[in-house]
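Structure first, commentary second.
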Amino acid sequence: VGALADLLYPELCVGCGRRVRGGLCRQCAGRIPRLPLAGCRRCGAPGPGVAGCPECRSLHPAFDRAWQAVEFGQVVRAAVHRLKYRCERSLAAALGDLLAEPLAGPAGIRLGLPAGSRPGFAATWAPTTEGRLRERGHDHARLLAECVAAALGWPAVPLLGRARDTPPQARLAIAERRRNMHDALVAALPPPAEVVVIDDVYTTGATASEAARALKAGGAVRVVALGLARALRPEREQ
Ligand SMILES: [Zn+2]
Ligand SMILES: [Zn+2]
């Protein structure tokens with residue numbers, strides 16, 4: 001088996017460790033808990049479908065809508081970690097499908113997003129810092145955003161740049177995350193009227209909100225922040 005399996009299925013599933021093409025097998029992908037479509041109409045937090053939950057009322061988000069497809073649990077955490085350090089397009093595509101599939105249906109309709117490209121619409125991402133880009137050799141946020149956009153027929157455009165270097169959000173407490181991202185991004189290109197920002201994990205919404213602020217400062221009118229996963233209990237996710 002060994003050599004041929006290595007050749008055909010060079011990756012191990014992040015969930016179960018079996019050899020699989022794409023780094024995430026069907027069974028493990030199927031077991032990742034999906035987030036409901038109904039929830040906070042502003043930030044996507046699970047709960048009653050009203051606009052503005054306690055979480056986003058304290059954030060004052062610059063984005064118009066946010067939504068995340070799955071819970072940030074063990075398998076997604078391992079997958080995102082692997083994507084940060086290894087440039088695996090197939091794993092990015094498998095993760096991207098978790099977000100792209102609902103967006104091609106009811107989630108996309110609910111968020112008012114197009115099925116395919118339309119004028120005045122583009123997808124983008126918050127780029128990683130220069131330092132981490134040099135260290136890792138690739139930008140996992142870009143890779144994920146490109147995979148999601150490709151699956152949906154959306155143009156993926158590098159609309160955002162870094163105004164300054166920032167420490168990784170994952171090491172910071174909630175209040176520090178907001179300070180850390182304050183004015184950290186700028187529009188690198190004039191954005192179209194409507195933009196979706198695609199990210200891996202939504203924790204406090206600080207990055208999504210800063211991306212929306214920068215895009216709107218550059219001329220965007222409507223910004224929807226899409227996350228692959230949501231950390232449901234940020235204080236325990238540290
Ligand atoms: Zn698996
Ligand atoms: Zn909310």
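Just so we're on the same page: first chain in the structure tokens is A, next is B, and so on; residues restart at 1 for each chain, and ligands are numbered from 1 in the order they show up.
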Residues of chain A that have any atom at most 6 Å from an atom of ligand 2: could you tabulate them with the shortest-distance atom pair and the distance in Å to one decimal, using only C-alpha atoms and all ligand atoms, ordered by chain and increasing number, as CSV?
```
residue,atom,partner,partner_atom_place_in_ligand_line,distance
A:Cys40,CA,ligand 2,1 (Zn),4.6
A:Arg42,CA,ligand 2,1 (Zn),5.0
A:Cys43,CA,ligand 2,1 (Zn),4.0
A:Gly44,CA,ligand 2,1 (Zn),5.9
A:Ala45,CA,ligand 2,1 (Zn),5.3
A:Gly52,CA,ligand 2,1 (Zn),4.5
A:Cys53,CA,ligand 2,1 (Zn),3.9
A:Glu55,CA,ligand 2,1 (Zn),5.4
A:Cys56,CA,ligand 2,1 (Zn),4.1
```
Sorted by chain and rising residue number, list the residues of chain A at most 7 Å from ligand 1 (counting only C-alpha atoms and all ligand atoms), each with its closest atom pair and distance in Å to one decimal, as a Markdown table.
```
| residue | atom | partner | partner_atom_place_in_ligand_line | distance |
| --- | --- | --- | --- | --- |
| A:Cys13 | CA | ligand 1 | 1 (Zn) | 4.7 |
| A:Val14 | CA | ligand 1 | 1 (Zn) | 6.3 |
| A:Gly15 | CA | ligand 1 | 1 (Zn) | 4.4 |
| A:Cys16 | CA | ligand 1 | 1 (Zn) | 4.0 |
| A:Gly17 | CA | ligand 1 | 1 (Zn) | 6.1 |
| A:Arg18 | CA | ligand 1 | 1 (Zn) | 6.0 |
| A:Leu24 | CA | ligand 1 | 1 (Zn) | 5.6 |
| A:Cys25 | CA | ligand 1 | 1 (Zn) | 4.2 |
| A:Arg26 | CA | ligand 1 | 1 (Zn) | 6.7 |
| A:Gln27 | CA | ligand 1 | 1 (Zn) | 5.8 |
| A:Cys28 | CA | ligand 1 | 1 (Zn) | 4.3 |
```
Quick one: distance from atom CA of Glu146 of chain A to atom CA of Leu228 of chain A in Å, one decimal? 12.9 Å
Find the residue from A:Ala208, A:Cys147, A:Leu95, A:Leu152 that sits nearest to Ile32 of chain A; use only C-alpha atoms when measuring.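 Closest to Ile32 of chain A of all the choices is A:Leu95.
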Where does DSSP see alpha helix (DSSP H) in chain A, if you list the residues as a ChimeraX atom specification? /A:2-8,26-31,54-59,74-85,89-103,106-110,130-136,140-152,174-181,206-217,234-237
